[in-house]
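Printed here is final_16.cif (mmCIF, N, CA and C atoms and all ligand atoms):
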```
data_run
loop_
_atom_site.label_atom_id
_atom_site.label_comp_id
_atom_site.auth_asym_id
_atom_site.auth_seq_id
_atom_site.Cartn_x
_atom_site.Cartn_y
_atom_site.Cartn_z
N MET A 1 5.12 7.06 20.17
CA MET A 1 4.16 6.42 19.28
C MET A 1 4.79 5.17 18.66
N THR A 2 3.99 4.14 18.48
CA THR A 2 4.45 2.91 17.85
C THR A 2 3.61 2.62 16.62
N ARG A 3 4.28 2.22 15.57
CA ARG A 3 3.58 1.81 14.35
C ARG A 3 3.87 0.35 14.09
N ASN A 4 2.82 -0.44 13.85
CA ASN A 4 2.97 -1.86 13.56
C ASN A 4 2.91 -2.08 12.06
N LEU A 5 3.84 -2.86 11.56
CA LEU A 5 3.91 -3.15 10.12
C LEU A 5 4.08 -4.64 9.92
N THR A 6 3.63 -5.13 8.77
CA THR A 6 3.96 -6.49 8.35
C THR A 6 4.99 -6.38 7.25
N CYS A 7 6.13 -7.00 7.44
CA CYS A 7 7.18 -6.95 6.43
C CYS A 7 6.71 -7.72 5.19
N ILE A 8 6.81 -7.09 4.03
CA ILE A 8 6.35 -7.72 2.78
C ILE A 8 7.52 -8.09 1.87
N VAL A 9 8.71 -8.07 2.42
CA VAL A 9 9.89 -8.37 1.59
C VAL A 9 9.96 -9.85 1.23
N CYS A 10 9.52 -10.73 2.15
CA CYS A 10 9.50 -12.16 1.83
C CYS A 10 8.25 -12.76 2.45
N PRO A 11 7.92 -14.01 2.07
CA PRO A 11 6.64 -14.59 2.52
C PRO A 11 6.52 -14.82 4.03
N ARG A 12 7.61 -14.75 4.76
CA ARG A 12 7.55 -15.00 6.20
C ARG A 12 6.65 -13.98 6.91
N GLY A 13 6.61 -12.77 6.42
CA GLY A 13 5.68 -11.77 6.95
C GLY A 13 5.90 -11.38 8.39
N CYS A 14 7.12 -11.12 8.77
CA CYS A 14 7.42 -10.74 10.16
C CYS A 14 6.64 -9.50 10.58
N GLN A 15 6.23 -9.49 11.84
CA GLN A 15 5.49 -8.36 12.39
C GLN A 15 6.48 -7.38 13.01
N LEU A 16 6.51 -6.17 12.50
CA LEU A 16 7.49 -5.17 12.90
C LEU A 16 6.83 -4.12 13.77
N GLN A 17 7.56 -3.65 14.75
CA GLN A 17 7.11 -2.54 15.59
C GLN A 17 8.14 -1.42 15.47
N VAL A 18 7.68 -0.26 15.04
CA VAL A 18 8.56 0.89 14.88
C VAL A 18 8.16 1.94 15.93
N GLU A 19 9.11 2.30 16.76
CA GLU A 19 8.85 3.32 17.78
C GLU A 19 9.44 4.65 17.32
N PHE A 20 8.64 5.71 17.53
CA PHE A 20 9.06 7.04 17.11
C PHE A 20 9.30 7.93 18.32
N ALA A 21 10.29 8.79 18.21
CA ALA A 21 10.53 9.81 19.23
C ALA A 21 9.50 10.93 19.05
N ALA A 22 9.45 11.83 19.99
CA ALA A 22 8.49 12.93 19.94
C ALA A 22 8.67 13.79 18.70
N ASN A 23 9.88 13.87 18.18
CA ASN A 23 10.13 14.67 16.98
C ASN A 23 9.84 13.92 15.69
N GLY A 24 9.33 12.69 15.80
CA GLY A 24 8.96 11.91 14.62
C GLY A 24 10.07 11.03 14.09
N ALA A 25 11.25 11.13 14.65
CA ALA A 25 12.35 10.29 14.18
C ALA A 25 12.16 8.85 14.66
N ILE A 26 12.64 7.91 13.86
CA ILE A 26 12.58 6.51 14.28
C ILE A 26 13.55 6.29 15.43
N GLU A 27 13.01 5.72 16.53
CA GLU A 27 13.81 5.54 17.73
C GLU A 27 14.27 4.08 17.88
N ASN A 28 13.38 3.15 17.49
CA ASN A 28 13.70 1.73 17.66
C ASN A 28 12.83 0.90 16.73
N ILE A 29 13.39 -0.19 16.25
CA ILE A 29 12.64 -1.12 15.40
C ILE A 29 12.82 -2.52 15.96
N GLU A 30 11.71 -3.25 16.13
CA GLU A 30 11.77 -4.62 16.62
C GLU A 30 10.94 -5.52 15.72
N GLY A 31 11.18 -6.82 15.83
CA GLY A 31 10.35 -7.80 15.15
C GLY A 31 10.92 -8.33 13.85
N PHE A 32 11.96 -7.71 13.34
CA PHE A 32 12.53 -8.20 12.08
C PHE A 32 13.43 -9.39 12.35
N THR A 33 13.48 -10.30 11.35
CA THR A 33 14.30 -11.49 11.48
C THR A 33 15.61 -11.34 10.71
N CYS A 34 15.63 -10.40 9.77
CA CYS A 34 16.84 -10.21 8.97
C CYS A 34 16.99 -8.71 8.66
N PRO A 35 18.16 -8.30 8.18
CA PRO A 35 18.39 -6.88 7.93
C PRO A 35 17.44 -6.27 6.89
N ARG A 36 16.96 -7.10 5.96
CA ARG A 36 16.05 -6.57 4.94
C ARG A 36 14.76 -6.06 5.58
N GLY A 37 14.33 -6.72 6.63
CA GLY A 37 13.11 -6.29 7.31
C GLY A 37 13.30 -4.96 8.01
N LYS A 38 14.47 -4.78 8.62
CA LYS A 38 14.75 -3.51 9.28
C LYS A 38 14.78 -2.39 8.24
N GLN A 39 15.40 -2.64 7.09
CA GLN A 39 15.46 -1.62 6.04
C GLN A 39 14.06 -1.34 5.49
N TYR A 40 13.24 -2.40 5.37
CA TYR A 40 11.87 -2.21 4.91
C TYR A 40 11.12 -1.28 5.85
N ALA A 41 11.27 -1.49 7.16
CA ALA A 41 10.59 -0.64 8.14
C ALA A 41 11.04 0.81 8.01
N ILE A 42 12.33 1.02 7.84
CA ILE A 42 12.84 2.38 7.68
C ILE A 42 12.26 3.02 6.42
N ASP A 43 12.32 2.29 5.30
CA ASP A 43 11.81 2.82 4.04
C ASP A 43 10.31 3.10 4.13
N GLU A 44 9.58 2.16 4.73
CA GLU A 44 8.11 2.30 4.80
C GLU A 44 7.71 3.52 5.64
N CYS A 45 8.50 3.85 6.62
CA CYS A 45 8.17 4.97 7.51
C CYS A 45 8.75 6.30 7.02
N THR A 46 9.63 6.26 6.03
CA THR A 46 10.25 7.51 5.57
C THR A 46 9.87 7.83 4.11
N HIS A 47 9.92 6.86 3.23
CA HIS A 47 9.54 7.09 1.83
C HIS A 47 9.01 5.79 1.23
N PRO A 48 7.76 5.42 1.57
CA PRO A 48 7.21 4.15 1.09
C PRO A 48 7.12 4.08 -0.43
N MET A 49 7.51 2.94 -0.96
CA MET A 49 7.54 2.72 -2.41
C MET A 49 6.73 1.46 -2.73
N ARG A 50 6.16 1.41 -3.93
CA ARG A 50 5.38 0.25 -4.34
C ARG A 50 5.57 -0.04 -5.82
N THR A 51 5.50 -1.32 -6.17
CA THR A 51 5.34 -1.72 -7.57
C THR A 51 3.86 -1.70 -7.87
N VAL A 52 3.47 -1.13 -9.01
CA VAL A 52 2.07 -1.09 -9.41
C VAL A 52 1.85 -2.13 -10.50
N THR A 53 0.83 -2.97 -10.32
CA THR A 53 0.45 -3.93 -11.36
C THR A 53 -0.98 -3.65 -11.76
N SER A 54 -1.26 -3.79 -13.07
CA SER A 54 -2.60 -3.51 -13.55
C SER A 54 -2.74 -4.11 -14.95
N THR A 55 -3.75 -3.67 -15.68
CA THR A 55 -3.92 -4.04 -17.08
C THR A 55 -4.17 -2.78 -17.88
N VAL A 56 -3.82 -2.85 -19.16
CA VAL A 56 -4.04 -1.73 -20.06
C VAL A 56 -4.93 -2.20 -21.21
N ARG A 57 -5.76 -1.28 -21.70
CA ARG A 57 -6.65 -1.63 -22.82
C ARG A 57 -5.83 -1.96 -24.06
N ALA A 58 -6.33 -2.94 -24.82
CA ALA A 58 -5.68 -3.31 -26.09
C ALA A 58 -6.69 -3.13 -27.21
N MET A 59 -6.25 -2.52 -28.29
CA MET A 59 -7.12 -2.36 -29.46
C MET A 59 -7.45 -3.73 -30.02
N GLY A 60 -8.74 -4.09 -30.03
CA GLY A 60 -9.17 -5.35 -30.63
C GLY A 60 -8.77 -6.59 -29.88
N GLY A 61 -8.50 -6.49 -28.58
CA GLY A 61 -8.11 -7.69 -27.84
C GLY A 61 -8.41 -7.54 -26.35
N GLU A 62 -8.07 -8.59 -25.63
CA GLU A 62 -8.24 -8.59 -24.18
C GLU A 62 -7.25 -7.62 -23.54
N PRO A 63 -7.58 -7.10 -22.35
CA PRO A 63 -6.62 -6.22 -21.66
C PRO A 63 -5.27 -6.92 -21.46
N VAL A 64 -4.22 -6.14 -21.47
CA VAL A 64 -2.85 -6.65 -21.38
C VAL A 64 -2.30 -6.34 -19.99
N PRO A 65 -1.74 -7.36 -19.29
CA PRO A 65 -1.16 -7.10 -17.97
C PRO A 65 0.12 -6.25 -18.06
N VAL A 66 0.23 -5.31 -17.14
CA VAL A 66 1.39 -4.41 -17.10
C VAL A 66 1.82 -4.20 -15.65
N LYS A 67 3.02 -3.67 -15.49
CA LYS A 67 3.49 -3.29 -14.16
C LYS A 67 4.53 -2.19 -14.30
N THR A 68 4.84 -1.55 -13.19
CA THR A 68 5.93 -0.59 -13.21
C THR A 68 7.25 -1.36 -13.25
N SER A 69 8.23 -0.81 -13.96
CA SER A 69 9.51 -1.50 -14.10
C SER A 69 10.33 -1.40 -12.82
N ARG A 70 9.95 -0.51 -11.91
CA ARG A 70 10.59 -0.38 -10.60
C ARG A 70 9.55 0.23 -9.67
N THR A 71 9.88 0.27 -8.41
CA THR A 71 8.92 0.82 -7.47
C THR A 71 8.80 2.34 -7.66
N ILE A 72 7.61 2.85 -7.30
CA ILE A 72 7.35 4.29 -7.36
C ILE A 72 6.84 4.74 -5.99
N PRO A 73 6.90 6.03 -5.69
CA PRO A 73 6.38 6.49 -4.39
C PRO A 73 4.92 6.09 -4.20
N LYS A 74 4.61 5.61 -3.02
CA LYS A 74 3.27 5.11 -2.73
C LYS A 74 2.20 6.17 -3.01
N GLU A 75 2.51 7.43 -2.75
CA GLU A 75 1.49 8.47 -2.92
C GLU A 75 1.15 8.72 -4.39
N LEU A 76 1.91 8.14 -5.32
CA LEU A 76 1.65 8.31 -6.75
C LEU A 76 0.86 7.15 -7.35
N ILE A 77 0.46 6.18 -6.54
CA ILE A 77 -0.22 4.99 -7.08
C ILE A 77 -1.49 5.37 -7.84
N PHE A 78 -2.33 6.24 -7.28
CA PHE A 78 -3.60 6.56 -7.96
C PHE A 78 -3.35 7.33 -9.24
N ALA A 79 -2.40 8.24 -9.24
CA ALA A 79 -2.06 8.97 -10.46
C ALA A 79 -1.49 8.02 -11.51
N CYS A 80 -0.71 7.05 -11.05
CA CYS A 80 -0.16 6.05 -11.96
C CYS A 80 -1.29 5.22 -12.58
N MET A 81 -2.26 4.84 -11.76
CA MET A 81 -3.40 4.08 -12.28
C MET A 81 -4.18 4.91 -13.30
N ASP A 82 -4.33 6.21 -13.05
CA ASP A 82 -5.01 7.08 -14.03
C ASP A 82 -4.26 7.07 -15.36
N ALA A 83 -2.95 7.14 -15.31
CA ALA A 83 -2.13 7.13 -16.53
C ALA A 83 -2.29 5.80 -17.26
N ILE A 84 -2.29 4.70 -16.51
CA ILE A 84 -2.46 3.38 -17.14
C ILE A 84 -3.85 3.26 -17.76
N ASN A 85 -4.86 3.74 -17.03
CA ASN A 85 -6.23 3.64 -17.54
C ASN A 85 -6.44 4.48 -18.80
N ALA A 86 -5.63 5.52 -18.98
CA ALA A 86 -5.77 6.38 -20.15
C ALA A 86 -4.98 5.84 -21.35
N ALA A 87 -4.17 4.82 -21.12
CA ALA A 87 -3.31 4.29 -22.19
C ALA A 87 -4.00 3.18 -22.96
N THR A 88 -3.54 2.97 -24.19
CA THR A 88 -4.03 1.87 -25.03
C THR A 88 -2.84 1.29 -25.78
N VAL A 89 -2.82 -0.02 -25.97
CA VAL A 89 -1.77 -0.63 -26.78
C VAL A 89 -2.38 -1.25 -28.02
N THR A 90 -1.56 -1.41 -29.02
CA THR A 90 -1.96 -2.09 -30.25
C THR A 90 -1.25 -3.44 -30.29
N LEU A 91 -2.02 -4.51 -30.46
CA LEU A 91 -1.45 -5.87 -30.50
C LEU A 91 -0.72 -6.10 -31.83
N PRO A 92 0.30 -6.94 -31.86
CA PRO A 92 0.80 -7.75 -30.74
C PRO A 92 1.71 -6.94 -29.82
N VAL A 93 1.82 -7.43 -28.58
CA VAL A 93 2.78 -6.87 -27.63
C VAL A 93 3.57 -8.02 -27.01
N HIS A 94 4.73 -7.69 -26.48
CA HIS A 94 5.60 -8.72 -25.91
C HIS A 94 6.10 -8.27 -24.53
N ILE A 95 6.47 -9.25 -23.73
CA ILE A 95 6.97 -8.97 -22.38
C ILE A 95 8.10 -7.95 -22.45
N GLY A 96 7.98 -6.91 -21.65
CA GLY A 96 9.03 -5.90 -21.60
C GLY A 96 8.74 -4.69 -22.48
N ASP A 97 7.76 -4.80 -23.38
CA ASP A 97 7.42 -3.63 -24.20
C ASP A 97 7.02 -2.47 -23.28
N VAL A 98 7.48 -1.27 -23.61
CA VAL A 98 7.17 -0.10 -22.79
C VAL A 98 5.86 0.53 -23.28
N VAL A 99 4.90 0.60 -22.38
CA VAL A 99 3.60 1.22 -22.70
C VAL A 99 3.66 2.71 -22.39
N ILE A 100 4.22 3.07 -21.24
CA ILE A 100 4.41 4.47 -20.84
C ILE A 100 5.84 4.60 -20.32
N ALA A 101 6.62 5.45 -20.94
CA ALA A 101 7.99 5.67 -20.48
C ALA A 101 8.00 6.71 -19.36
N ASN A 102 8.80 6.46 -18.34
CA ASN A 102 9.02 7.41 -17.25
C ASN A 102 7.69 7.96 -16.71
N VAL A 103 6.84 7.04 -16.30
CA VAL A 103 5.51 7.46 -15.85
C VAL A 103 5.62 8.45 -14.69
N LEU A 104 4.94 9.56 -14.80
CA LEU A 104 4.88 10.60 -13.77
C LEU A 104 6.27 11.07 -13.35
N ASP A 105 7.23 10.98 -14.25
CA ASP A 105 8.60 11.42 -13.96
C ASP A 105 9.25 10.65 -12.81
N THR A 106 8.85 9.40 -12.64
CA THR A 106 9.37 8.59 -11.53
C THR A 106 10.63 7.83 -11.92
N GLY A 107 10.92 7.78 -13.22
CA GLY A 107 12.02 6.93 -13.67
C GLY A 107 11.57 5.52 -13.96
N ALA A 108 10.33 5.18 -13.63
CA ALA A 108 9.78 3.86 -13.89
C ALA A 108 8.99 3.89 -15.20
N ASP A 109 9.11 2.80 -15.95
CA ASP A 109 8.27 2.63 -17.15
C ASP A 109 7.10 1.71 -16.81
N ILE A 110 6.01 1.86 -17.55
CA ILE A 110 4.94 0.86 -17.48
C ILE A 110 5.23 -0.14 -18.58
N VAL A 111 5.47 -1.40 -18.19
CA VAL A 111 5.90 -2.41 -19.15
C VAL A 111 4.92 -3.58 -19.18
N VAL A 112 4.85 -4.21 -20.34
CA VAL A 112 3.98 -5.37 -20.56
C VAL A 112 4.59 -6.58 -19.84
N THR A 113 3.73 -7.40 -19.22
CA THR A 113 4.22 -8.57 -18.47
C THR A 113 3.76 -9.90 -19.08
N ALA A 114 3.13 -9.85 -20.26
CA ALA A 114 2.74 -11.10 -20.93
C ALA A 114 2.68 -10.87 -22.44
N ASP A 115 3.03 -11.88 -23.20
CA ASP A 115 2.92 -11.78 -24.66
C ASP A 115 1.44 -11.87 -25.06
N ARG A 116 1.03 -11.03 -25.99
CA ARG A 116 -0.33 -11.08 -26.53
C ARG A 116 -0.28 -10.84 -28.03
N ASP A 117 -0.93 -11.75 -28.80
CA ASP A 117 -0.96 -11.59 -30.27
C ASP A 117 -2.24 -10.90 -30.72
S1 LIG B 1 12.18 -9.42 8.30
FE1 LIG B 1 13.34 -10.69 6.84
S2 LIG B 1 12.56 -12.77 7.23
FE2 LIG B 1 11.06 -11.35 8.12
S3 LIG B 1 9.53 -11.03 6.46
FE3 LIG B 1 11.06 -9.36 6.32
S4 LIG B 1 12.55 -10.13 4.81
FE4 LIG B 1 11.36 -11.89 5.51
#
```
Would you write out, as structure tokens, the structure that this file holds?
Amino acid sequence: MTRNLTCIVCPRGCQLQVEFAANGAIENIEGFTCPRGKQYAIDECTHPMRTVTSTVRAMGGEPVPVKTSRTIPKELIFACMDAINAATVTLPVHIGDVVIANVLDTGADIVVTADRD
């Protein structure tokens, strides 16, 4: 079996082909231009991770942009969004303020990405 991926590590967007053996192990990877792309393919096929960006409600103000402080497992994105949607901040907030610490026990915090008064 072959899986086609687009490397998202840099804007070049190399097209990767990952071949799997019958037992599901990665057998061969082609299409990467640098080692980061090969590692991305391995990670994406074994334990895909993502940074989540969103907004959180603010008391008496516009929604505040937030993101995870580090990547989290891809399968937790929807649960992470539920946690963000249930949260509220009180203004003012500043870049780096923690809205949710250790979201879903991932080790990632939900942090503010813009100053709001
Ligand atoms: S393989 Fe390397 S050059 Fe190609 S998109 Fe990924 S990081 Fe960029």
*Interatomic distance between CA of Met49 in chain A and atom C of Glu62 in chain A?*
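Separation of CA of Met49 in chain A and atom C of Glu62 in chain A: 27.8 Å.
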*Could you find all residues in range 62-114 of chain A that DSSP calls helix (DSSP H, G or I) from the backbone, and write them as a list in words?*
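Matching residues for helix (DSSP H, G or I) in range 62-114 of chain A are Lys74, Glu75, Leu76, Ile77, Phe78, Ala79, Cys80, Met81, Asp82, Ala83, Ile84, Asn85, Ala86, Val103, Leu104 and Asp105 of chain A.
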*Which protein, DNA or RNA residues have an atom within 12 Å of ligand LIG 1 (chain B), counting only C-alpha atoms and all ligand atoms, as a PyMOL selection string?*
chain A and resi 5-17+29-42
Those residues you just picked out, can you put them in a file as a CSV table (one decimal), in the coordinates of the input with N, CA and C atoms?
```csv
chain,number,residue,atom,x,y,z
A,5,LEU,N,3.8,-2.9,11.6
A,5,LEU,CA,3.9,-3.2,10.1
A,5,LEU,C,4.1,-4.6,9.9
A,6,THR,N,3.6,-5.1,8.8
A,6,THR,CA,4.0,-6.5,8.4
A,6,THR,C,5.0,-6.4,7.2
A,7,CYS,N,6.1,-7.0,7.4
A,7,CYS,CA,7.2,-7.0,6.4
A,7,CYS,C,6.7,-7.7,5.2
A,8,ILE,N,6.8,-7.1,4.0
A,8,ILE,CA,6.4,-7.7,2.8
A,8,ILE,C,7.5,-8.1,1.9
A,9,VAL,N,8.7,-8.1,2.4
A,9,VAL,CA,9.9,-8.4,1.6
A,9,VAL,C,10.0,-9.8,1.2
A,10,CYS,N,9.5,-10.7,2.2
A,10,CYS,CA,9.5,-12.2,1.8
A,10,CYS,C,8.2,-12.8,2.4
A,11,PRO,N,7.9,-14.0,2.1
A,11,PRO,CA,6.6,-14.6,2.5
A,11,PRO,C,6.5,-14.8,4.0
A,12,ARG,N,7.6,-14.8,4.8
A,12,ARG,CA,7.6,-15.0,6.2
A,12,ARG,C,6.6,-14.0,6.9
A,13,GLY,N,6.6,-12.8,6.4
A,13,GLY,CA,5.7,-11.8,7.0
A,13,GLY,C,5.9,-11.4,8.4
A,14,CYS,N,7.1,-11.1,8.8
A,14,CYS,CA,7.4,-10.7,10.2
A,14,CYS,C,6.6,-9.5,10.6
A,15,GLN,N,6.2,-9.5,11.8
A,15,GLN,CA,5.5,-8.4,12.4
A,15,GLN,C,6.5,-7.4,13.0
A,16,LEU,N,6.5,-6.2,12.5
A,16,LEU,CA,7.5,-5.2,12.9
A,16,LEU,C,6.8,-4.1,13.8
A,17,GLN,N,7.6,-3.6,14.8
A,17,GLN,CA,7.1,-2.5,15.6
A,17,GLN,C,8.1,-1.4,15.5
A,29,ILE,N,13.4,-0.2,16.2
A,29,ILE,CA,12.6,-1.1,15.4
A,29,ILE,C,12.8,-2.5,16.0
A,30,GLU,N,11.7,-3.2,16.1
A,30,GLU,CA,11.8,-4.6,16.6
A,30,GLU,C,10.9,-5.5,15.7
A,31,GLY,N,11.2,-6.8,15.8
A,31,GLY,CA,10.4,-7.8,15.2
A,31,GLY,C,10.9,-8.3,13.8
A,32,PHE,N,12.0,-7.7,13.3
A,32,PHE,CA,12.5,-8.2,12.1
A,32,PHE,C,13.4,-9.4,12.4
A,33,THR,N,13.5,-10.3,11.4
A,33,THR,CA,14.3,-11.5,11.5
A,33,THR,C,15.6,-11.3,10.7
A,34,CYS,N,15.6,-10.4,9.8
A,34,CYS,CA,16.8,-10.2,9.0
A,34,CYS,C,17.0,-8.7,8.7
A,35,PRO,N,18.2,-8.3,8.2
A,35,PRO,CA,18.4,-6.9,7.9
A,35,PRO,C,17.4,-6.3,6.9
A,36,ARG,N,17.0,-7.1,6.0
A,36,ARG,CA,16.0,-6.6,4.9
A,36,ARG,C,14.8,-6.1,5.6
A,37,GLY,N,14.3,-6.7,6.6
A,37,GLY,CA,13.1,-6.3,7.3
A,37,GLY,C,13.3,-5.0,8.0
A,38,LYS,N,14.5,-4.8,8.6
A,38,LYS,CA,14.8,-3.5,9.3
A,38,LYS,C,14.8,-2.4,8.2
A,39,GLN,N,15.4,-2.6,7.1
A,39,GLN,CA,15.5,-1.6,6.0
A,39,GLN,C,14.1,-1.3,5.5
A,40,TYR,N,13.2,-2.4,5.4
A,40,TYR,CA,11.9,-2.2,4.9
A,40,TYR,C,11.1,-1.3,5.8
A,41,ALA,N,11.3,-1.5,7.2
A,41,ALA,CA,10.6,-0.6,8.1
A,41,ALA,C,11.0,0.8,8.0
A,42,ILE,N,12.3,1.0,7.8
A,42,ILE,CA,12.8,2.4,7.7
A,42,ILE,C,12.3,3.0,6.4
```
*asked:* Please list as a list of chain:residue names every residue within 7 Å of Asp109 in chain A, counting only N, CA and C atoms and excluding residues in the same chain fewer than 6 positions away.
replied: A:Lys67, A:Thr68, A:Ser69, A:Arg70, A:Val98, A:Val99, A:Ile100, A:Ala101, A:Asn102, A:Val103
*Kindly give the distance, in Å, that separates atom N of Val89 in chain A and atom N of Leu104 in chain A, rounded to a single decimal.*
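These two atoms are separated by 16.6 Å.
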_Report, in Å to a single decimal, how far apart CA of His47 in chain A and atom C of Lys74 in chain A are._
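These atoms are spaced 8.8 Å apart.
With distances restricted to only C-alpha atoms, A:Ile95 is the closest residue to Asp115 in chain A from A:Ile95, A:Met81, A:Leu76, A:Ala21.
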So that all listed atoms of range 5-11 of chain A fit with 3 Å spare on each side, what axis-aligned box centre and edge lengths in Å, to one decimal, would you give as lines of an AutoDock Vina configuration file?
```
center_x = 6.8
center_y = -8.8
center_z = 6.4
size_x = 12.3
size_y = 18.0
size_z = 16.3
```
May I have all residues of range 9-79 of chain A that DSSP, computed from the backbone, assigns to strand (DSSP E or B), given as a short mmCIF file (atom, residue, chain, number, x, y, z; two decimals) with N, CA and C atoms, in the frame of the given file?
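File written: out-v9.cif
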```
data_model
loop_
_atom_site.label_atom_id
_atom_site.label_comp_id
_atom_site.auth_asym_id
_atom_site.auth_seq_id
_atom_site.Cartn_x
_atom_site.Cartn_y
_atom_site.Cartn_z
N GLN A 15 6.23 -9.49 11.84
CA GLN A 15 5.49 -8.36 12.39
C GLN A 15 6.48 -7.38 13.01
N LEU A 16 6.51 -6.17 12.50
CA LEU A 16 7.49 -5.17 12.90
C LEU A 16 6.83 -4.12 13.77
N GLN A 17 7.56 -3.65 14.75
CA GLN A 17 7.11 -2.54 15.59
C GLN A 17 8.14 -1.42 15.47
N VAL A 18 7.68 -0.26 15.04
CA VAL A 18 8.56 0.89 14.88
C VAL A 18 8.16 1.94 15.93
N GLU A 19 9.11 2.30 16.76
CA GLU A 19 8.85 3.32 17.78
C GLU A 19 9.44 4.65 17.32
N PHE A 20 8.64 5.71 17.53
CA PHE A 20 9.06 7.04 17.11
C PHE A 20 9.30 7.93 18.32
N ILE A 26 12.64 7.91 13.86
CA ILE A 26 12.58 6.51 14.28
C ILE A 26 13.55 6.29 15.43
N GLU A 27 13.01 5.72 16.53
CA GLU A 27 13.81 5.54 17.73
C GLU A 27 14.27 4.08 17.88
N ASN A 28 13.38 3.15 17.49
CA ASN A 28 13.70 1.73 17.66
C ASN A 28 12.83 0.90 16.73
N ILE A 29 13.39 -0.19 16.25
CA ILE A 29 12.64 -1.12 15.40
C ILE A 29 12.82 -2.52 15.96
N GLU A 30 11.71 -3.25 16.13
CA GLU A 30 11.77 -4.62 16.62
C GLU A 30 10.94 -5.52 15.72
N MET A 49 7.51 2.94 -0.96
CA MET A 49 7.54 2.72 -2.41
C MET A 49 6.73 1.46 -2.73
N ARG A 50 6.16 1.41 -3.93
CA ARG A 50 5.38 0.25 -4.34
C ARG A 50 5.57 -0.04 -5.82
N THR A 53 0.83 -2.97 -10.32
CA THR A 53 0.45 -3.93 -11.36
C THR A 53 -0.98 -3.65 -11.76
N SER A 54 -1.26 -3.79 -13.07
CA SER A 54 -2.60 -3.51 -13.55
C SER A 54 -2.74 -4.11 -14.95
N THR A 55 -3.75 -3.67 -15.68
CA THR A 55 -3.92 -4.04 -17.08
C THR A 55 -4.17 -2.78 -17.88
N VAL A 56 -3.82 -2.85 -19.16
CA VAL A 56 -4.04 -1.73 -20.06
C VAL A 56 -4.93 -2.20 -21.21
N ARG A 57 -5.76 -1.28 -21.70
CA ARG A 57 -6.65 -1.63 -22.82
C ARG A 57 -5.83 -1.96 -24.06
N ALA A 58 -6.33 -2.94 -24.82
CA ALA A 58 -5.68 -3.31 -26.09
C ALA A 58 -6.69 -3.13 -27.21
N MET A 59 -6.25 -2.52 -28.29
CA MET A 59 -7.12 -2.36 -29.46
C MET A 59 -7.45 -3.73 -30.02
N GLY A 61 -8.50 -6.49 -28.58
CA GLY A 61 -8.11 -7.69 -27.84
C GLY A 61 -8.41 -7.54 -26.35
N GLU A 62 -8.07 -8.59 -25.63
CA GLU A 62 -8.24 -8.59 -24.18
C GLU A 62 -7.25 -7.62 -23.54
N PRO A 63 -7.58 -7.10 -22.35
CA PRO A 63 -6.62 -6.22 -21.66
C PRO A 63 -5.27 -6.92 -21.46
N VAL A 64 -4.22 -6.14 -21.47
CA VAL A 64 -2.85 -6.65 -21.38
C VAL A 64 -2.30 -6.34 -19.99
N PRO A 65 -1.74 -7.36 -19.29
CA PRO A 65 -1.16 -7.10 -17.97
C PRO A 65 0.12 -6.25 -18.06
N VAL A 66 0.23 -5.31 -17.14
CA VAL A 66 1.39 -4.41 -17.10
C VAL A 66 1.82 -4.20 -15.65
N LYS A 67 3.02 -3.67 -15.49
CA LYS A 67 3.49 -3.29 -14.16
C LYS A 67 4.53 -2.19 -14.30
N THR A 68 4.84 -1.55 -13.19
CA THR A 68 5.93 -0.59 -13.21
C THR A 68 7.25 -1.36 -13.25
N ILE A 72 7.61 2.85 -7.30
CA ILE A 72 7.35 4.29 -7.36
C ILE A 72 6.84 4.74 -5.99
N PRO A 73 6.90 6.03 -5.69
CA PRO A 73 6.38 6.49 -4.39
C PRO A 73 4.92 6.09 -4.20
#
```
At a cut-off of 10 Å, using only C-alpha atoms, what residues contact Ile77 in chain A? Leave out same-chain residues fewer than 5 positions from it and give the result as an mmCIF file with N, CA and C atoms, in the frame of the given file.
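File produced: around.cif:
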```
data_model
loop_
_atom_site.group_PDB
_atom_site.id
_atom_site.type_symbol
_atom_site.label_atom_id
_atom_site.label_comp_id
_atom_site.auth_asym_id
_atom_site.auth_seq_id
_atom_site.Cartn_x
_atom_site.Cartn_y
_atom_site.Cartn_z
ATOM 1 N N MET A 49 7.510 2.940 -0.960
ATOM 2 C CA MET A 49 7.540 2.720 -2.410
ATOM 3 C C MET A 49 6.730 1.460 -2.730
ATOM 4 N N ARG A 50 6.160 1.410 -3.930
ATOM 5 C CA ARG A 50 5.380 0.250 -4.340
ATOM 6 C C ARG A 50 5.570 -0.040 -5.820
ATOM 7 N N THR A 51 5.500 -1.320 -6.170
ATOM 8 C CA THR A 51 5.340 -1.720 -7.570
ATOM 9 C C THR A 51 3.860 -1.700 -7.870
ATOM 10 N N VAL A 52 3.470 -1.130 -9.010
ATOM 11 C CA VAL A 52 2.070 -1.090 -9.410
ATOM 12 C C VAL A 52 1.850 -2.130 -10.500
ATOM 13 N N THR A 53 0.830 -2.970 -10.320
ATOM 14 C CA THR A 53 0.450 -3.930 -11.360
ATOM 15 C C THR A 53 -0.980 -3.650 -11.760
ATOM 16 N N ILE A 72 7.610 2.850 -7.300
ATOM 17 C CA ILE A 72 7.350 4.290 -7.360
ATOM 18 C C ILE A 72 6.840 4.740 -5.990
ATOM 19 N N ASP A 82 -4.330 6.210 -13.050
ATOM 20 C CA ASP A 82 -5.010 7.080 -14.030
ATOM 21 C C ASP A 82 -4.260 7.070 -15.360
ATOM 22 N N ALA A 83 -2.950 7.140 -15.310
ATOM 23 C CA ALA A 83 -2.130 7.130 -16.530
ATOM 24 C C ALA A 83 -2.290 5.800 -17.260
#
```
